[in-house]
$ cat protein.cif   # mmCIF, C-alpha atoms
data_input
#
loop_
_atom_site.label_atom_id
_atom_site.label_comp_id
_atom_site.auth_asym_id
_atom_site.auth_seq_id
_atom_site.Cartn_x
_atom_site.Cartn_y
_atom_site.Cartn_z
CA MET A 293 13.64 -13.29 6.73
CA ARG A 294 11.06 -13.73 4.01
CA LEU A 295 7.30 -13.21 3.94
CA TRP A 296 5.20 -14.73 1.19
CA CYS A 297 2.17 -13.00 -0.29
CA ARG A 298 0.66 -15.69 -2.43
CA PRO A 299 0.82 -16.15 -5.31
CA GLY A 300 4.52 -15.64 -5.83
CA VAL A 301 5.44 -12.35 -4.13
CA THR A 302 8.02 -12.18 -1.35
CA PHE A 303 8.85 -9.39 1.06
CA GLU A 304 12.46 -9.51 2.20
CA LEU A 305 14.79 -7.73 4.60
CA ARG A 306 16.30 -4.47 3.31
CA GLN A 307 13.56 -3.91 0.78
CA LEU A 308 10.82 -1.34 0.34
CA LYS A 309 7.84 -2.79 -1.42
CA VAL A 310 4.52 -1.21 -2.24
CA LEU A 311 1.45 -3.45 -2.22
CA VAL A 312 -1.54 -2.00 -4.05
CA ALA A 313 -4.34 -4.39 -3.19
CA PRO A 314 -7.65 -4.67 -1.36
CA ALA A 315 -7.51 -4.43 2.43
CA GLU A 316 -8.38 -8.13 2.72
CA ARG A 317 -5.12 -9.04 0.96
CA MET A 318 -3.07 -7.00 3.45
CA ALA A 319 -5.01 -8.47 6.38
CA ALA A 320 -4.19 -11.97 5.12
CA LEU A 321 -0.50 -11.06 4.99
CA LEU A 322 -0.62 -9.86 8.61
CA GLU A 323 -2.01 -13.27 9.62
CA VAL A 324 1.01 -15.15 8.21
CA PRO A 325 2.58 -17.00 11.20
CA GLU A 326 6.05 -15.63 10.44
CA ILE A 327 4.88 -12.09 11.28
CA ALA A 328 4.37 -13.12 14.92
CA THR A 329 8.00 -14.18 15.24
CA PHE A 330 9.37 -10.73 14.35
CA HIS A 331 8.91 -7.33 15.91
CA ALA A 332 6.59 -5.44 13.60
CA LEU A 333 5.27 -1.89 13.48
CA TYR A 334 1.99 -1.03 11.77
CA LEU A 335 1.40 2.66 11.03
CA HIS A 336 -1.95 3.97 9.83
CA TYR A 337 -3.97 7.16 9.53
CA GLY A 338 -7.37 7.49 11.22
CA LEU A 339 -9.44 4.33 11.11
CA SER A 340 -7.52 1.44 9.62
CA GLU A 341 -9.16 -0.37 6.71
CA VAL A 342 -7.00 -3.44 7.47
CA LEU A 343 -6.67 -3.97 11.22
CA PHE A 344 -10.32 -4.71 11.96
CA ARG A 345 -10.09 -7.60 9.48
CA VAL A 346 -7.28 -9.27 11.45
CA PRO A 347 -8.87 -11.56 14.09
CA ARG A 348 -6.03 -11.16 16.57
CA GLN A 349 -2.86 -9.19 16.63
CA GLY A 350 0.30 -10.87 17.86
CA PRO A 351 2.25 -9.62 20.86
CA ASN A 352 5.08 -8.45 18.61
CA LEU A 353 2.86 -6.16 16.51
CA LEU A 354 2.94 -2.54 17.63
CA VAL A 355 0.16 -0.41 16.11
CA GLN A 356 0.38 3.38 15.89
CA SER A 357 -2.05 5.88 14.45
CA CYS A 358 -0.43 8.88 12.74
CA MET A 359 -2.84 11.78 12.39
CA THR A 360 -0.42 14.08 10.54
CA VAL A 361 2.35 13.55 8.04
CA HIS A 362 4.80 14.89 10.62
CA GLN A 363 3.72 12.20 13.11
CA LEU A 364 4.25 9.64 10.35
CA LEU A 365 7.75 10.97 9.67
CA ALA A 366 8.60 10.92 13.41
CA SER A 367 7.34 7.32 13.73
CA LEU A 368 9.38 6.24 10.72
CA GLN A 369 12.51 7.93 12.10
CA GLU A 370 12.10 6.17 15.47
CA ALA A 371 11.22 2.75 14.01
CA TYR A 372 13.54 -0.10 14.93
CA GLN A 373 11.30 -3.09 14.16
CA THR A 374 12.22 -5.82 11.69
CA ILE A 375 8.99 -5.31 9.75
CA VAL A 376 7.40 -1.90 9.22
CA VAL A 377 4.05 -1.66 7.47
CA VAL A 378 2.52 1.67 6.50
CA GLU A 379 -1.15 1.71 5.54
CA TYR A 380 -1.34 4.54 3.02
CA ASP A 381 -4.30 6.89 3.22
CA ASP A 382 -4.44 10.00 1.04
CA GLY A 383 -6.09 11.83 3.96
CA ILE A 384 -2.74 12.22 5.65
CA PHE A 385 -1.45 14.20 2.65
CA SER A 386 -4.65 15.99 1.63
CA ALA A 387 -4.07 18.99 3.93
CA LEU A 388 -0.71 19.72 2.30
CA GLU A 389 -0.59 22.59 -0.15
CA GLY A 390 2.00 24.22 -2.39
CA GLY A 391 5.56 23.84 -1.10
CA ASP A 392 4.36 21.64 1.76
CA ARG A 393 3.83 18.87 -0.80
CA ASP A 394 7.61 18.31 -0.65
CA VAL A 395 7.02 16.49 2.63
CA ILE A 396 5.67 13.57 0.57
CA PHE A 397 9.16 13.15 -0.85
CA ALA A 398 10.59 13.36 2.70
CA VAL A 399 8.34 10.41 3.60
CA GLY A 400 9.67 8.52 0.57
CA ARG A 401 13.26 9.20 1.59
CA GLN A 402 12.54 8.07 5.16
CA LEU A 403 10.89 4.85 3.94
CA ARG A 404 13.96 4.19 1.77
CA GLU A 405 16.30 4.89 4.70
CA LEU A 406 14.34 2.56 6.98
CA ALA A 407 14.52 -0.18 4.32
CA ARG A 408 18.28 -0.35 4.89
CA SER A 409 17.66 -2.29 8.11
CA SER A 410 14.04 -3.49 7.92
CA THR A 411 11.45 -4.98 5.66
CA VAL A 412 9.25 -2.02 4.75
CA LEU A 413 5.86 -2.49 3.16
CA LEU A 414 3.65 0.38 2.05
CA HIS A 415 0.08 -0.78 1.49
CA ALA A 416 -2.62 1.11 -0.41
CA PRO A 417 -6.01 -0.04 -1.67
CA ARG A 418 -5.58 2.05 -4.85
CA ALA A 419 -2.93 4.24 -6.47
CA GLU A 420 -3.84 7.82 -5.62
CA ARG A 421 -1.81 10.91 -6.50
CA GLY A 422 0.16 11.04 -3.23
CA LEU A 423 0.99 7.36 -3.44
CA ARG A 424 2.26 7.72 -7.00
CA ALA A 425 4.84 10.20 -5.68
CA LEU A 426 6.14 7.48 -3.33
CA LEU A 427 6.32 4.68 -5.91
CA GLY A 428 9.70 5.85 -7.22
CA THR A 429 11.39 4.99 -3.93
CA ALA A 430 10.19 1.38 -3.93
CA ASP A 431 12.24 -1.67 -4.87
CA GLN A 432 9.08 -3.23 -6.26
CA VAL A 433 5.42 -2.32 -6.70
CA VAL A 434 3.02 -5.26 -6.45
CA TRP A 435 -0.52 -4.99 -7.79
CA ARG A 436 -2.84 -7.72 -6.46
CA TYR A 437 -6.53 -7.85 -7.29
CA ASP A 438 -8.75 -10.92 -7.39
CA GLU A 439 -11.03 -9.52 -10.06
CA ARG A 440 -10.81 -6.96 -12.81
CA PRO A 441 -11.79 -3.43 -11.89
CA ALA A 442 -15.11 -2.23 -13.31
CA ALA A 443 -14.85 -0.90 -16.84
CA THR A 444 -14.86 2.84 -17.25
CA ARG A 445 -17.63 4.58 -19.17
CA THR A 446 -15.26 5.09 -22.13
CA GLN A 447 -14.35 1.39 -22.19
CA ARG A 448 -18.04 0.39 -22.12
CA LEU A 449 -18.87 2.81 -24.98
CA ARG A 450 -15.96 1.46 -27.03
CA ALA A 451 -17.18 -2.12 -26.48
CA VAL A 452 -20.67 -1.13 -27.70
CA GLN A 453 -19.14 0.60 -30.72
CA LEU A 454 -17.11 -2.51 -31.61
CA THR A 455 -20.24 -4.66 -31.27
CA ILE A 456 -22.19 -2.38 -33.62
CA GLU A 457 -19.33 -2.34 -36.14
CA GLY A 458 -18.97 -6.13 -35.88
CA ALA A 459 -22.67 -6.58 -36.65
CA GLY A 460 -22.30 -4.50 -39.81
CA LEU A 461 -24.60 -1.78 -38.52
CA ALA A 462 -22.06 1.06 -38.61
CA GLY A 463 -23.20 3.89 -40.85
CA PHE A 464 -26.92 3.24 -40.34
CA SER A 465 -28.94 5.97 -38.67
#
$ encode --input "protein.cif" --output "structure tokens"
Amino acid sequence: MRLWCRPGVTFELRQLKVLVAPAERMAALLEVPEIATFHALYLHYGLSEVLFRVPRQGPNLLVQSCMTVHQLLASLQEAYQTIVVVEYDDGIFSALEGGDRDVIFAVGRQLRELARSSTVLLHAPRAERGLRALLGTADQVVWRYDERPAATRTQRLRAVQLTIEGAGLAGFS
């Protein structure tokens, strides 16, 4: 079983992949016809940024909302589907403090365990702190953006500085 995320990325059985991309990219992957032929589980927190972009959900796609990290862990432990997609949202981990942050690593271990028998895809629109803790468990991290992210203030100031230096105006006040 192979799913293609154009251009050139495949999601295969017994792999845990992380897709860091806009919600539209994940929605397009859920519309691939092959998804409908397999039993799939889609886990999300709160309001999904992806599901409302998918015009119709196939009969083999089970959707569950996990409002706590413990619900997410329970859903991952009970998962039997061929494809398991987790829509990452930092809100599910934001209430964790101190020693409770270790539960993030428990989620990573459970994702890795599930990948022994399923295709597991963790999707996030951006790499936040909690997600970075999960990246180490992945077989591959895929970054897909159609355009460059906006330049930071420091990058813009550096570009202005280079322009001034290039024009020979450096040192003038």
$ resolve_selection --input "protein.cif" --expression "the PyMOL selection byres ((chain A and resi 322) around 10)" --output "MDAnalysis selection string"
chainID A and resid 295 297 316:321 323:328 332 334 342:343 345:346 348:350 353 377
$ residues_around --input "protein.cif" --residues "segment 411-414 of chain A" --least-positions-apart "2" --cutoff "8 Å" --atoms "only C-alpha atoms" --output "count of residues only"
21
$ atom_distance --input "protein.cif" --atom1 "atom CA of Val355 of chain A" --atom2 "atom CA of Glu405 of chain A"
20.5 Å
$ atom_distance --input "protein.cif" --atom1 "atom CA of Ala398 of chain A" --atom2 "atom CA of His331 of chain A"
24.6 Å
$ closest_residue --input "protein.cif" --among "A:Leu423, A:Leu335, A:Leu354, A:Ile384" --to "Ser367 of chain A" --atoms "only C-alpha atoms"
A:Leu335
$ closest_residue --input "protein.cif" --among "A:Glu420, A:Asp381, A:Arg401, A:Val395" --to "Gln369 of chain A" --atoms "only C-alpha atoms"
A:Arg401
$ residues_near_point --input "protein.cif" --point "(10.6, 12.8, 1.7)" --cutoff "12 Å" --atoms "only C-alpha atoms" --output "compact mmCIF listing (two decimals) with C-alpha atoms, keeping the file's coordinate frame"
# COMPACT_ATOMS: atom_id res chain seq x y z
CA VAL A 361 2.35 13.55 8.04
CA HIS A 362 4.80 14.89 10.62
CA LEU A 364 4.25 9.64 10.35
CA LEU A 365 7.75 10.97 9.67
CA LEU A 368 9.38 6.24 10.72
CA GLN A 369 12.51 7.93 12.10
CA ASP A 392 4.36 21.64 1.76
CA ARG A 393 3.83 18.87 -0.80
CA ASP A 394 7.61 18.31 -0.65
CA VAL A 395 7.02 16.49 2.63
CA ILE A 396 5.67 13.57 0.57
CA PHE A 397 9.16 13.15 -0.85
CA ALA A 398 10.59 13.36 2.70
CA VAL A 399 8.34 10.41 3.60
CA GLY A 400 9.67 8.52 0.57
CA ARG A 401 13.26 9.20 1.59
CA GLN A 402 12.54 8.07 5.16
CA LEU A 403 10.89 4.85 3.94
CA ARG A 404 13.96 4.19 1.77
CA GLU A 405 16.30 4.89 4.70
CA GLY A 422 0.16 11.04 -3.23
CA ALA A 425 4.84 10.20 -5.68
CA LEU A 426 6.14 7.48 -3.33
CA LEU A 427 6.32 4.68 -5.91
CA GLY A 428 9.70 5.85 -7.22
CA THR A 429 11.39 4.99 -3.93
